[in-house]
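Shown here: data_6.tsv, TSV, C-alpha atoms.
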chain	number	residue	atom	x	y	z
Y	1	MET	CA	0.00	0.00	0.00
Y	2	PRO	CA	1.43	3.45	-0.91
Y	3	ASN	CA	2.16	5.92	1.85
Y	4	LEU	CA	-0.90	8.07	2.46
Y	5	LEU	CA	-0.50	11.83	2.55
Y	6	PRO	CA	-1.10	13.34	6.00
Y	7	SER	CA	-3.47	16.23	6.66
Y	8	LEU	CA	-2.58	19.49	8.42
Y	9	LEU	CA	-4.48	21.60	10.94
Y	10	LEU	CA	-3.06	25.07	11.64
Y	11	LEU	CA	-4.51	26.32	14.92
Y	12	PRO	CA	-4.53	29.94	16.16
Y	13	PRO	CA	-2.51	30.75	19.32
Y	14	PRO	CA	-3.78	29.12	22.52
Y	15	PRO	CA	-5.85	30.78	25.24
Y	16	VAL	CA	-4.18	32.17	28.36
Y	17	PRO	CA	-4.19	30.60	30.85
Y	18	ILE	CA	-4.38	27.09	29.43
Y	19	THR	CA	-7.00	24.93	31.13
Y	20	SER	CA	-9.16	22.11	29.82
Y	21	ALA	CA	-12.14	24.51	29.73
Y	22	SER	CA	-10.29	27.29	27.87
Y	23	LEU	CA	-8.79	24.84	25.35
Y	24	SER	CA	-12.23	23.37	24.73
Y	25	ALA	CA	-13.72	26.81	24.11
Y	26	ALA	CA	-10.89	27.76	21.77
Y	27	TYR	CA	-10.39	24.57	19.77
Y	28	ARG	CA	-13.32	22.16	20.13
Y	29	PRO	CA	-15.36	23.60	17.21
Y	30	SER	CA	-12.35	23.32	14.90
Y	31	LEU	CA	-11.48	19.79	16.02
Y	32	VAL	CA	-15.07	18.60	15.70
Y	33	ALA	CA	-15.18	19.91	12.12
Y	34	VAL	CA	-11.82	18.35	11.23
Y	35	VAL	CA	-12.58	14.96	12.78
Y	36	SER	CA	-16.04	14.90	11.19
Y	37	THR	CA	-14.42	15.47	7.79
Y	38	LEU	CA	-11.71	12.85	8.20
Y	39	LYS	CA	-13.88	10.10	9.73
Y	40	VAL	CA	-15.77	9.57	6.46
Y	41	LEU	CA	-12.66	9.16	4.30
Y	42	PRO	CA	-12.00	5.70	2.81
Y	43	THR	CA	-8.51	5.71	4.34
Y	44	SER	CA	-6.90	6.34	7.70
Y	45	THR	CA	-5.37	9.78	8.31
Y	46	GLN	CA	-2.26	11.00	10.02
Y	47	LEU	CA	-3.29	14.44	11.24
Y	48	ILE	CA	-0.50	16.90	12.03
Y	49	ILE	CA	-1.83	19.57	14.40
Y	50	VAL	CA	0.29	22.72	14.67
Y	51	LEU	CA	-0.06	24.68	17.91
Y	52	PRO	CA	1.51	28.18	17.91
Y	53	CYS	CA	3.46	29.10	21.05
Y	54	PRO	CA	4.00	32.88	21.11
Y	55	ALA	CA	4.78	32.86	24.84
Y	56	VAL	CA	8.08	31.01	24.32
Y	57	HIS	CA	9.27	32.71	21.12
Y	58	ALA	CA	12.11	34.63	22.79
Y	59	GLN	CA	13.15	31.77	25.09
Y	60	LEU	CA	14.12	29.00	22.67
Y	61	GLN	CA	17.88	29.29	23.18
Y	62	ALA	CA	17.54	29.36	26.96
Y	63	PRO	CA	17.66	26.04	28.86
Y	64	ARG	CA	14.69	24.04	27.63
Y	65	CYS	CA	13.68	23.14	31.17
Y	66	GLN	CA	12.56	26.76	31.59
Y	67	ILE	CA	9.75	26.31	29.05
Y	68	TYR	CA	9.12	22.60	29.59
Y	69	THR	CA	6.24	22.86	32.07
Y	70	GLU	CA	4.22	25.32	30.01
Y	71	LEU	CA	4.69	23.44	26.75
Y	72	GLN	CA	4.02	19.94	28.06
Y	73	ARG	CA	0.86	21.26	29.72
Y	74	SER	CA	-0.26	22.65	26.37
Y	75	LEU	CA	0.48	19.32	24.67
Y	76	ALA	CA	-1.33	17.33	27.35
Y	77	GLY	CA	-4.40	19.57	27.20
Y	78	LEU	CA	-4.61	19.43	23.41
Y	79	TYR	CA	-4.03	15.67	23.20
Y	80	SER	CA	-6.76	15.20	25.82
Y	81	LEU	CA	-9.15	17.35	23.82
Y	82	VAL	CA	-8.38	15.50	20.58
Y	83	CYS	CA	-9.04	12.13	22.25
Y	84	THR	CA	-12.25	13.44	23.79
Y	85	VAL	CA	-13.57	14.71	20.46
Y	86	CYS	CA	-12.65	11.43	18.73
Y	87	ALA	CA	-14.29	9.41	21.51
Y	88	ASN	CA	-17.51	11.44	21.30
Y	89	LEU	CA	-17.61	11.08	17.50
Y	90	GLY	CA	-16.82	7.36	17.60
Y	91	VAL	CA	-13.51	7.69	15.76
Y	92	ASP	CA	-10.78	5.08	16.09
Y	93	VAL	CA	-7.42	6.58	17.10
Y	94	GLU	CA	-5.21	3.52	17.39
Y	95	SER	CA	-5.58	1.54	14.14
Y	96	ASP	CA	-5.21	2.10	10.42
Y	97	THR	CA	-8.81	1.31	9.51
Y	98	PRO	CA	-10.73	3.66	7.16
Y	99	GLY	CA	-11.80	6.80	8.98
Y	100	SER	CA	-9.31	6.37	11.82
Y	101	ILE	CA	-7.14	9.32	12.88
Y	102	ASP	CA	-3.54	9.30	14.13
Y	103	ALA	CA	-3.09	12.81	15.57
Y	104	ARG	CA	0.40	14.22	16.18
Y	105	ILE	CA	1.05	17.67	17.63
Y	106	LEU	CA	3.84	20.06	16.61
Y	107	LEU	CA	4.66	23.27	18.45
Y	108	LEU	CA	5.18	26.41	16.38
Y	109	ASP	CA	7.78	29.05	17.23
Y	110	TYR	CA	5.45	31.96	16.58
Y	111	ASP	CA	5.81	35.72	16.82
Y	112	GLY	CA	2.41	37.28	16.26
Y	113	SER	CA	3.91	40.67	15.36
Y	114	ARG	CA	5.88	39.27	12.42
Y	115	HIS	CA	4.36	39.72	8.96
Y	116	PHE	CA	5.87	37.26	6.52
Y	117	GLU	CA	3.84	38.68	3.65
Y	118	GLU	CA	5.88	41.88	3.79
Y	119	GLU	CA	9.27	40.14	3.76
Y	120	GLY	CA	11.38	38.65	1.00
Y	121	GLU	CA	12.11	34.96	0.61
Y	122	LEU	CA	12.95	33.34	3.93
Y	123	ARG	CA	15.19	30.33	4.31
Y	124	PRO	CA	14.47	27.72	6.97
Y	125	ASP	CA	16.91	27.16	9.79
Y	126	PRO	CA	19.16	24.30	8.55
Y	127	PHE	CA	19.61	22.93	12.08
Y	128	VAL	CA	16.03	23.14	13.29
Y	129	ALA	CA	14.50	20.06	14.90
Y	130	GLY	CA	11.05	19.57	16.32
Y	131	PRO	CA	8.92	19.31	18.28
Y	132	ILE	CA	9.25	23.13	18.09
Y	133	VAL	CA	9.54	24.34	14.50
Y	134	ASP	CA	9.39	27.78	12.88
Y	135	LEU	CA	6.90	28.67	10.15
Y	136	PRO	CA	9.40	28.90	7.23
Y	137	THR	CA	10.77	25.44	8.02
Y	138	LEU	CA	7.29	23.96	8.35
Y	139	ALA	CA	6.26	25.49	5.03
Y	140	VAL	CA	9.30	24.26	3.11
Y	141	THR	CA	9.59	20.74	4.47
Y	142	ARG	CA	5.94	19.74	4.91
Y	143	ARG	CA	4.30	20.83	1.66
Y	144	ARG	CA	2.51	17.66	0.55
Y	145	TRP	CA	-0.82	17.24	2.30
Y	146	ASN	CA	-4.15	15.62	1.59
Y	147	ILE	CA	-6.17	18.38	3.30
Y	148	VAL	CA	-4.93	21.62	4.88
Y	149	PHE	CA	-7.42	22.90	7.46
Y	150	SER	CA	-7.37	26.61	8.23
Y	151	VAL	CA	-9.29	28.05	11.17
Y	152	ASP	CA	-11.71	30.94	10.70
Y	153	GLY	CA	-11.03	34.13	12.62
Y	154	GLU	CA	-8.37	36.82	12.51
Y	155	GLU	CA	-5.52	34.89	14.14
Y	156	GLY	CA	-6.26	31.61	12.40
Y	157	GLN	CA	-6.38	33.24	8.98
Y	158	LYS	CA	-3.24	35.25	9.70
Y	159	ILE	CA	-1.23	32.10	10.40
Y	160	PHE	CA	-2.66	30.32	7.38
Y	161	ALA	CA	-1.92	33.26	5.05
Y	162	SER	CA	1.70	33.38	6.28
Y	163	TYR	CA	2.08	29.62	5.85
Y	164	LEU	CA	0.60	29.74	2.34
Y	165	LYS	CA	2.85	32.65	1.33
Y	166	LEU	CA	5.97	30.84	2.53
Y	167	ALA	CA	5.01	27.46	1.05
Y	168	ASN	CA	4.37	28.97	-2.38
Y	169	GLN	CA	7.78	30.65	-2.48
Y	170	HIS	CA	9.31	27.28	-3.21
Y	171	SER	CA	8.85	24.71	-5.94
Y	172	PRO	CA	6.71	22.70	-5.99
Y	173	SER	CA	4.12	24.99	-4.43
Y	174	LEU	CA	1.76	23.93	-1.65
Y	175	CYS	CA	0.00	20.65	-2.38
Y	176	GLY	CA	-3.28	19.82	-0.67
Y	177	HIS	CA	-6.96	20.68	-0.59
Y	178	VAL	CA	-7.55	23.76	1.57
Y	179	ARG	CA	-10.61	23.59	3.80
Y	180	PRO	CA	-11.66	26.28	6.32
Y	181	VAL	CA	-13.19	25.21	9.64
Y	182	ALA	CA	-14.97	27.14	12.37
Y	183	GLY	CA	-12.95	28.74	15.13
Y	184	GLY	CA	-13.74	28.91	18.82
Y	185	VAL	CA	-13.59	31.55	21.53
Y	186	SER	CA	-10.22	32.38	23.06
Y	187	LEU	CA	-10.09	34.67	26.09
Y	188	ILE	CA	-6.66	35.99	27.10
Y	189	GLN	CA	-5.95	37.32	30.57
Y	190	ARG	CA	-3.69	40.26	31.13
Y	191	GLU	CA	-0.04	39.30	31.45
Y	192	THR	CA	0.10	40.51	35.04
Y	193	GLU	CA	-2.50	37.90	35.97
Y	194	GLN	CA	-0.47	34.97	34.66
Y	195	VAL	CA	1.41	32.77	37.09
Y	196	THR	CA	5.07	32.13	36.28
Y	197	ARG	CA	6.48	28.90	37.67
Y	198	LYS	CA	10.16	28.74	38.49
Y	199	PRO	CA	11.83	25.78	36.71
Y	200	ALA	CA	13.20	23.00	38.88
Y	201	SER	CA	16.60	23.29	37.19
Y	202	ALA	CA	18.53	25.61	34.87
Y	203	ASN	CA	20.57	22.77	33.38
Y	204	THR	CA	20.74	22.11	29.66
Y	205	HIS	CA	20.35	18.54	28.45
Y	206	ASN	CA	21.97	16.79	25.50
Y	207	VAL	CA	21.21	13.22	26.62
Y	208	VAL	CA	17.64	12.56	27.78
Y	209	ILE	CA	15.79	9.33	28.45
Y	210	VAL	CA	12.27	7.95	28.77
Y	211	GLY	CA	11.06	4.40	29.28
Y	212	GLY	CA	7.91	2.38	28.77
Y	213	THR	CA	6.19	-0.47	26.98
Y	214	PHE	CA	4.96	1.70	24.08
Y	215	ASP	CA	2.47	-0.93	22.93
Y	216	HIS	CA	-0.14	0.27	20.41
Y	217	LEU	CA	1.15	3.84	20.49
Y	218	HIS	CA	-1.56	6.15	21.88
Y	219	ALA	CA	-1.87	9.80	22.93
Y	220	GLY	CA	-0.26	9.22	26.33
Y	221	HIS	CA	2.80	7.72	24.61
Y	222	LYS	CA	2.90	10.60	22.12
Y	223	LEU	CA	2.88	13.14	24.95
Y	224	LEU	CA	5.65	11.27	26.77
Y	225	LEU	CA	7.88	11.05	23.68
Y	226	THR	CA	7.27	14.65	22.62
Y	227	ALA	CA	7.96	15.95	26.12
Y	228	THR	CA	11.26	14.06	26.17
Y	229	ALA	CA	12.26	15.57	22.83
Y	230	LEU	CA	11.37	19.02	24.18
Y	231	LEU	CA	14.20	18.80	26.70
Y	232	LEU	CA	16.96	18.35	24.10
Y	233	GLN	CA	18.90	21.60	23.84
Y	234	PRO	CA	18.96	22.86	20.21
Y	235	ALA	CA	22.14	22.49	18.14
Y	236	ARG	CA	23.42	25.61	16.44
Y	237	SER	CA	25.95	24.19	13.97
Y	238	SER	CA	26.55	21.10	11.85
Y	239	SER	CA	29.65	20.32	13.91
Y	240	ALA	CA	27.72	20.07	17.18
Y	241	PRO	CA	27.93	16.65	18.91
Y	242	TYR	CA	24.95	14.40	18.41
Y	243	ARG	CA	22.26	14.92	21.02
Y	244	ARG	CA	20.81	11.63	22.26
Y	245	LEU	CA	17.15	10.82	22.83
Y	246	ILE	CA	17.13	7.42	24.52
Y	247	VAL	CA	13.89	5.41	24.61
Y	248	GLY	CA	13.94	2.35	26.84
Y	249	ILE	CA	11.38	-0.12	25.47
Y	250	THR	CA	10.39	-3.06	27.67
Y	251	GLY	CA	11.59	-6.41	26.29
Y	252	ASP	CA	9.12	-9.07	25.16
Y	253	GLU	CA	10.11	-11.50	27.91
Y	254	LEU	CA	9.02	-9.08	30.66
Y	255	LEU	CA	5.58	-8.70	29.06
Y	256	LYS	CA	4.59	-12.35	28.66
Y	257	ASN	CA	2.13	-12.12	31.59
Y	258	LYS	CA	0.37	-8.99	30.32
Y	259	LYS	CA	-3.38	-9.16	29.73
Y	260	TYR	CA	-4.30	-10.05	26.13
Y	261	VAL	CA	-0.63	-10.74	25.42
Y	262	GLU	CA	-1.47	-12.34	22.07
Y	263	TYR	CA	-2.36	-8.84	20.80
Y	264	LEU	CA	0.77	-7.20	22.18
Y	265	ARG	CA	3.12	-5.91	19.50
Y	266	SER	CA	6.65	-7.32	19.40
Y	267	TRP	CA	9.64	-5.29	20.56
Y	268	ALA	CA	10.69	-4.74	16.94
Y	269	GLN	CA	7.22	-3.46	16.02
Y	270	ARG	CA	7.06	-1.20	19.07
Y	271	GLN	CA	10.52	0.17	18.29
Y	272	GLU	CA	9.44	0.95	14.72
Y	273	ASP	CA	6.31	2.73	16.00
Y	274	VAL	CA	8.38	4.87	18.39
Y	275	VAL	CA	10.86	5.89	15.68
Y	276	ASP	CA	8.11	6.58	13.17
Y	277	PHE	CA	6.39	8.93	15.61
Y	278	LEU	CA	9.60	10.71	16.67
Y	279	LEU	CA	10.66	11.26	13.07
Y	280	SER	CA	7.30	12.88	12.32
Y	281	VAL	CA	7.81	15.50	15.06
Y	282	LEU	CA	11.60	15.88	14.93
Y	283	GLN	CA	12.80	15.60	11.33
Y	284	PHE	CA	12.47	18.65	9.06
Y	285	ALA	CA	15.23	18.10	6.49
Y	286	ARG	CA	14.61	19.03	2.85
Y	287	GLY	CA	16.67	16.12	1.53
Y	288	SER	CA	15.54	12.54	1.03
Y	289	ARG	CA	15.03	10.21	3.97
Y	290	GLU	CA	17.85	8.00	2.71
Y	291	ALA	CA	20.29	10.94	2.64
Y	292	GLU	CA	19.30	12.47	5.97
Y	293	ILE	CA	18.68	9.41	8.18
Y	294	GLU	CA	21.01	6.55	9.11
Y	295	THR	CA	19.86	3.47	11.03
Y	296	LEU	CA	22.23	1.21	12.97
Y	297	SER	CA	21.22	-1.99	14.77
Y	298	PHE	CA	23.12	-3.54	17.67
Y	299	ASP	CA	22.20	-7.13	18.49
Y	300	GLU	CA	25.37	-8.22	20.25
Y	301	PRO	CA	25.31	-8.51	24.04
Y	302	ILE	CA	25.33	-5.03	25.61
Y	303	PRO	CA	24.27	-3.84	29.09
Y	304	ASN	CA	20.58	-3.47	28.18
Y	305	GLY	CA	20.06	-5.97	25.34
Y	306	ARG	CA	19.60	-5.02	21.69
Y	307	SER	CA	19.22	-1.47	20.46
Y	308	VAL	CA	18.47	0.44	17.27
Y	309	HIS	CA	20.00	3.87	16.67
Y	310	THR	CA	18.43	6.30	14.18
Y	311	ARG	CA	20.63	9.27	13.33
Y	312	LEU	CA	19.05	12.48	12.06
Y	313	LYS	CA	21.99	14.02	10.28
Y	314	ASN	CA	20.65	17.50	9.59
Y	315	CYS	CA	19.85	18.30	13.24
Y	316	SER	CA	22.47	16.13	14.99
Y	317	ILE	CA	20.05	13.96	16.95
Y	318	VAL	CA	20.26	10.22	17.46
Y	319	ILE	CA	17.20	8.30	18.62
Y	320	GLU	CA	18.42	5.30	20.62
Y	321	CYS	CA	15.76	2.64	21.17
Y	322	VAL	CA	17.09	0.22	23.78
Y	323	GLU	CA	15.54	-3.05	24.94
Y	324	ILE	CA	15.24	-2.96	28.72
Y	325	GLN	CA	15.11	-6.02	30.95
Y	326	ASP	CA	14.76	-4.29	34.34
Y	327	PRO	CA	13.16	-1.14	35.80
Y	328	PHE	CA	16.30	0.97	35.32
Y	329	GLY	CA	17.70	0.35	31.83
Y	330	PRO	CA	20.36	2.81	30.62
Y	331	THR	CA	19.71	5.25	33.49
Y	332	ILE	CA	22.16	3.26	35.65
Y	333	THR	CA	24.51	2.01	32.90
Y	334	ASP	CA	25.08	5.28	31.03
Y	335	GLU	CA	26.50	8.07	33.19
Y	336	SER	CA	26.09	10.68	30.43
Y	337	VAL	CA	22.28	10.73	30.77
Y	338	THR	CA	21.20	13.93	32.55
Y	339	ALA	CA	17.38	14.03	32.34
Y	340	LEU	CA	14.55	11.52	32.78
Y	341	VAL	CA	10.90	12.02	31.81
Y	342	VAL	CA	8.23	10.13	33.74
Y	343	SER	CA	4.46	9.92	33.89
Y	344	GLY	CA	2.40	10.23	37.05
Y	345	GLU	CA	2.24	6.42	37.26
Y	346	THR	CA	6.05	6.05	37.14
Y	347	ARG	CA	6.97	9.03	39.35
Y	348	SER	CA	8.47	6.81	42.04
Y	349	GLY	CA	10.81	5.33	39.45
Y	350	GLY	CA	12.67	8.63	39.19
Y	351	LYS	CA	13.66	8.52	42.86
Y	352	ALA	CA	14.70	4.88	42.59
Y	353	VAL	CA	16.91	5.69	39.60
Y	354	ASN	CA	18.63	8.55	41.41
Y	355	ASP	CA	19.17	6.38	44.49
Y	356	LYS	CA	20.95	3.83	42.28
Y	357	ARG	CA	23.04	6.53	40.61
Y	358	ALA	CA	24.01	7.92	44.02
Y	359	GLU	CA	25.28	4.46	45.02
Y	360	LYS	CA	27.57	4.57	41.97
Y	361	GLY	CA	28.77	8.09	42.78
Y	362	TRP	CA	27.05	9.55	39.69
Y	363	LYS	CA	25.19	12.85	39.42
Y	364	HIS	CA	21.45	12.57	39.89
Y	365	LEU	CA	19.13	12.98	36.91
Y	366	ASP	CA	16.80	15.94	36.58
Y	367	VAL	CA	13.36	14.30	36.60
Y	368	PHE	CA	10.51	15.85	34.61
Y	369	GLU	CA	6.90	14.76	34.74
Y	370	VAL	CA	4.13	14.87	32.15
Y	371	ASP	CA	0.53	15.64	32.99
Y	372	VAL	CA	-2.05	12.85	33.05
Y	373	LEU	CA	-4.42	12.99	30.10
Y	374	ASN	CA	-8.04	13.33	31.15
Y	375	ALA	CA	-11.44	14.03	29.69
Y	376	GLY	CA	-11.46	17.56	31.07
Y	377	GLU	CA	-13.85	19.75	33.00
Y	378	THR	CA	-16.30	19.99	30.13
Y	379	GLU	CA	-17.01	16.25	29.90
Y	380	GLN	CA	-19.89	14.79	31.86
Y	381	GLY	CA	-20.91	11.21	32.54
Y	382	ALA	CA	-19.15	7.94	33.39
Y	383	SER	CA	-19.65	6.49	29.90
Y	384	GLN	CA	-17.82	9.40	28.27
Y	385	THR	CA	-14.95	9.14	30.74
Y	386	GLU	CA	-14.70	5.39	30.14
Y	387	ASN	CA	-14.76	5.89	26.37
Y	388	PHE	CA	-11.98	8.47	26.65
Y	389	ALA	CA	-9.86	6.24	28.89
Y	390	SER	CA	-10.05	3.40	26.37
Y	391	LYS	CA	-8.25	5.63	23.86
Y	392	ILE	CA	-5.16	6.04	26.06
Y	393	SER	CA	-4.71	2.55	27.50
Y	394	SER	CA	-2.68	-0.14	25.74
Y	395	THR	CA	-4.50	-2.83	27.73
Y	396	ALA	CA	-7.90	-1.47	26.67
Y	397	ILE	CA	-6.75	-1.35	23.05
Y	398	ARG	CA	-5.61	-4.99	23.18
Y	399	LYS	CA	-8.89	-5.97	24.87
Y	400	ARG	CA	-10.90	-4.26	22.14
Y	401	ARG	CA	-8.92	-6.07	19.45
Y	402	ALA	CA	-9.52	-9.38	21.21
Y	403	GLU	CA	-13.25	-8.68	21.32
Y	404	ILE	CA	-13.29	-7.74	17.63
Y	405	ALA	CA	-11.42	-10.92	16.74
Y	406	LEU	CA	-13.86	-13.02	18.82
Y	407	THR	CA	-16.90	-11.40	17.20
Y	408	SER	CA	-15.53	-11.86	13.67
Y	409	SER	CA	-14.88	-15.53	14.34
Y	410	LEU	CA	-18.48	-16.27	15.33

In structure tokens, what does this structure look like?
Amino acid sequence: MPNLLPSLLLLPPPPVPITSASLSAAYRPSLVAVVSTLKVLPTSTQLIIVLPCPAVHAQLQAPRCQIYTELQRSLAGLYSLVCTVCANLGVDVESDTPGSIDARILLLDYDGSRHFEEEGELRPDPFVAGPIVDLPTLAVTRRRWNIVFSVDGEEGQKIFASYLKLANQHSPSLCGHVRPVAGGVSLIQRETEQVTRKPASANTHNVVIVGGTFDHLHAGHKLLLTATALLLQPARSSSAPYRRLIVGITGDELLKNKKYVEYLRSWAQRQEDVVDFLLSVLQFARGSREAEIETLSFDEPIPNGRSVHTRLKNCSIVIECVEIQDPFGPTITDESVTALVVSGETRSGGKAVNDKRAEKGWKHLDVFEVDVLNAGETEQGASQTENFASKISSTAIRKRRAEIALTSSL
């Protein structure tokens, strides 16, 4: 089957402050329109959602931990809203069946006062890597779409016009069917009313790690992986050392007692899913995949089992997927790791890791947490909450596949 073209949704800037209620007011009408359009297509859709982040525009060269909390909260809120809308509209978000939607969120380095229409040709940053990307780079390296959704309203149309102008400066020009969708209501508080949270650390990180099963990749996994990538400090030259994004993926042997294990994807499949997702939010090279990406496999005995390294040459990042056979993985075998990302469920693991590192005389890791995805303040009723939860649980996904298989066999 040929690769299907993804679709693009360019959102206006987010409300301030960001809460589940304010995100729903601002973006629910647009998402409902987009999902309603895509659910009737005869194919599945990878939907790239671009969220502008004007609040961090001037802070991108500062230590990434200083903007981590705000950005991961935005990602968590938007992924929750997407899952809620899909659940309410009965849309599959974890398979490749017709009408299903695989949503992936990019963050846009956005300065609302900048008018691209009044400037000459702009060249993308040659070293830029997601999940934060600027508009010229997005326009040049992501031009082929099935549908491009633009949001009605002053800010939504301003972003779309800038994107269109930049995309059409290059050959071939923008490809895709343009479709406007309704906008929502975005209320912005005065800046003096916003609460600024002091970051836990001012360190910069070039080697970051996250761990998990990553079975049937869902929105919770996407948030975890994107948040980990957020912490990598940007490279500013082609000679910069490779920054390392390490993903510890639980080995098959440790999962043999999982519920519905017969529907659990193999380590190799889960590794491929992780890399596929990370490439979609990290890689913005103009060259071919073959020229810009190098993959190396290591199957010989090493401290944490096999691993697959994917090097992104243009932005000096290597994605290291490592098979883990214990709760610690590379966090206690690789001293160069400096940051660990955890979910609420694995928070205690961060302390255990640092206790082990202390025993070895190593520096402790800075531990960063992601928010728990939830149905939000605007959702009512146990059935809706249960439907939402099934979208972000690997066990629930495997259970549903088992039930489908049982029904089809009758």

Protein/DNA/RNA residues near (-6.4, 22.6, 7.4), cut 12 Å, only C-alpha atoms, as a PDB file with C-alpha atoms, in the frame of the given file:
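The file below, result_3.pdb, is the result:
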ATOM      1  CA  PRO Y   6      -1.100  13.340   6.000  1.00  0.00           C
ATOM      2  CA  SER Y   7      -3.470  16.230   6.660  1.00  0.00           C
ATOM      3  CA  LEU Y   8      -2.580  19.490   8.420  1.00  0.00           C
ATOM      4  CA  LEU Y   9      -4.480  21.600  10.940  1.00  0.00           C
ATOM      5  CA  LEU Y  10      -3.060  25.070  11.640  1.00  0.00           C
ATOM      6  CA  LEU Y  11      -4.510  26.320  14.920  1.00  0.00           C
ATOM      7  CA  PRO Y  12      -4.530  29.940  16.160  1.00  0.00           C
ATOM      8  CA  SER Y  30     -12.350  23.320  14.900  1.00  0.00           C
ATOM      9  CA  LEU Y  31     -11.480  19.790  16.020  1.00  0.00           C
ATOM     10  CA  ALA Y  33     -15.180  19.910  12.120  1.00  0.00           C
ATOM     11  CA  VAL Y  34     -11.820  18.350  11.230  1.00  0.00           C
ATOM     12  CA  VAL Y  35     -12.580  14.960  12.780  1.00  0.00           C
ATOM     13  CA  THR Y  37     -14.420  15.470   7.790  1.00  0.00           C
ATOM     14  CA  LEU Y  38     -11.710  12.850   8.200  1.00  0.00           C
ATOM     15  CA  LEU Y  47      -3.290  14.440  11.240  1.00  0.00           C
ATOM     16  CA  ILE Y  48      -0.500  16.900  12.030  1.00  0.00           C
ATOM     17  CA  ILE Y  49      -1.830  19.570  14.400  1.00  0.00           C
ATOM     18  CA  VAL Y  50       0.290  22.720  14.670  1.00  0.00           C
ATOM     19  CA  TRP Y 145      -0.820  17.240   2.300  1.00  0.00           C
ATOM     20  CA  ASN Y 146      -4.150  15.620   1.590  1.00  0.00           C
ATOM     21  CA  ILE Y 147      -6.170  18.380   3.300  1.00  0.00           C
ATOM     22  CA  VAL Y 148      -4.930  21.620   4.880  1.00  0.00           C
ATOM     23  CA  PHE Y 149      -7.420  22.900   7.460  1.00  0.00           C
ATOM     24  CA  SER Y 150      -7.370  26.610   8.230  1.00  0.00           C
ATOM     25  CA  VAL Y 151      -9.290  28.050  11.170  1.00  0.00           C
ATOM     26  CA  ASP Y 152     -11.710  30.940  10.700  1.00  0.00           C
ATOM     27  CA  GLY Y 156      -6.260  31.610  12.400  1.00  0.00           C
ATOM     28  CA  GLN Y 157      -6.380  33.240   8.980  1.00  0.00           C
ATOM     29  CA  ILE Y 159      -1.230  32.100  10.400  1.00  0.00           C
ATOM     30  CA  PHE Y 160      -2.660  30.320   7.380  1.00  0.00           C
ATOM     31  CA  ALA Y 161      -1.920  33.260   5.050  1.00  0.00           C
ATOM     32  CA  TYR Y 163       2.080  29.620   5.850  1.00  0.00           C
ATOM     33  CA  LEU Y 164       0.600  29.740   2.340  1.00  0.00           C
ATOM     34  CA  CYS Y 175       0.000  20.650  -2.380  1.00  0.00           C
ATOM     35  CA  GLY Y 176      -3.280  19.820  -0.670  1.00  0.00           C
ATOM     36  CA  HIS Y 177      -6.960  20.680  -0.590  1.00  0.00           C
ATOM     37  CA  VAL Y 178      -7.550  23.760   1.570  1.00  0.00           C
ATOM     38  CA  ARG Y 179     -10.610  23.590   3.800  1.00  0.00           C
ATOM     39  CA  PRO Y 180     -11.660  26.280   6.320  1.00  0.00           C
ATOM     40  CA  VAL Y 181     -13.190  25.210   9.640  1.00  0.00           C
ATOM     41  CA  ALA Y 182     -14.970  27.140  12.370  1.00  0.00           C
ATOM     42  CA  GLY Y 183     -12.950  28.740  15.130  1.00  0.00           C
TER      43      GLY Y 183
END

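The shortest atom-to-atom distance to Thr331 in chain Y, with all atoms listed in the file taken into account, belongs to Y:Val207 out of Y:Arg286, Y:Val207, Y:Leu225, Y:Leu135.
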
>> Given only C-alpha atoms as the basis, pick out the residue of Y:Pro136, Y:Gly287, Y:Pro14, Y:Gly184 nearest to Cys53 in chain Y.
In response: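 Of Y:Pro136, Y:Gly287, Y:Pro14, Y:Gly184, the one nearest Cys53 in chain Y is Y:Pro14, counting only C-alpha atoms.
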
> Which is closer to Cys321 in chain Y than all the others in Y:Val367, Y:Val337, Y:Val353, Y:Ile246, using only C-alpha atoms?
Replying inline: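 Distance minimum relative to Cys321 in chain Y lands on Y:Ile246.
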
>> Please compute the CA of Asn314 in chain Y-CA of Ala285 in chain Y distance, one decimal, in Å.
In response: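 These atoms are spaced 6.3 Å apart.
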
>> Please report the interatomic distance between CA of Leu107 in chain Y and CA of Leu23 in chain Y in Å with one decimal.
In response: 15.2 Å

> Is there a way to get, as a ChimeraX atom specification, all residues within 9 Å of the point (27.2, 10.1, 35.6) in file coordinates, counting all atoms listed in the file?
Replying inline: /Y:332-338,357,360-365

> In terms of the shortest atom-to-atom distance over all atoms listed in the file, which of Y:Glu272, Y:Glu320, Y:Asp371, Y:Asp355 is closest to Leu245 in chain Y?
Replying inline: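 Using all atoms listed in the file, the shortest distance to Leu245 in chain Y belongs to Y:Glu320.
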
Put the listed atoms of range 34-40 of chain Y in a box along x, y and z with 3 Å added on every side and give me the centre and edge lengths in Å to one decimal, as AutoDock Vina command-line options.
--center_x -13.9 --center_y 14.0 --center_z 9.6 --size_x 10.3 --size_y 14.8 --size_z 12.3

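Here CA of Tyr263 in chain Y and CA of Thr213 in chain Y stand 13.5 Å from one another.
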
>> Using all atoms listed in the file for the distances, tell me which of Y:Leu89, Y:Val281, Y:Leu71, Y:Leu78 is nearest to Lys39 in chain Y.
In response: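 Smallest separation from Lys39 in chain Y among the options: Y:Leu89.
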
>> Which residues are near Arg142 in chain Y? Cut-off 9 Å, all atoms listed in the file, ignore same chain within fewer than 3 positions. Put them as a list in words.
In response: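 Here the answer would be Thr137, Leu138, Ala139, Trp145, Ala167, Leu174, Phe284 and Arg286 of chain Y.
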
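Of the residues listed (Y:Ser20, Y:Thr310, Y:Thr141, Y:Gln325), Y:Thr310 shows the shortest atom-to-atom separation from Leu278 in chain Y; distances use only C-alpha atoms.
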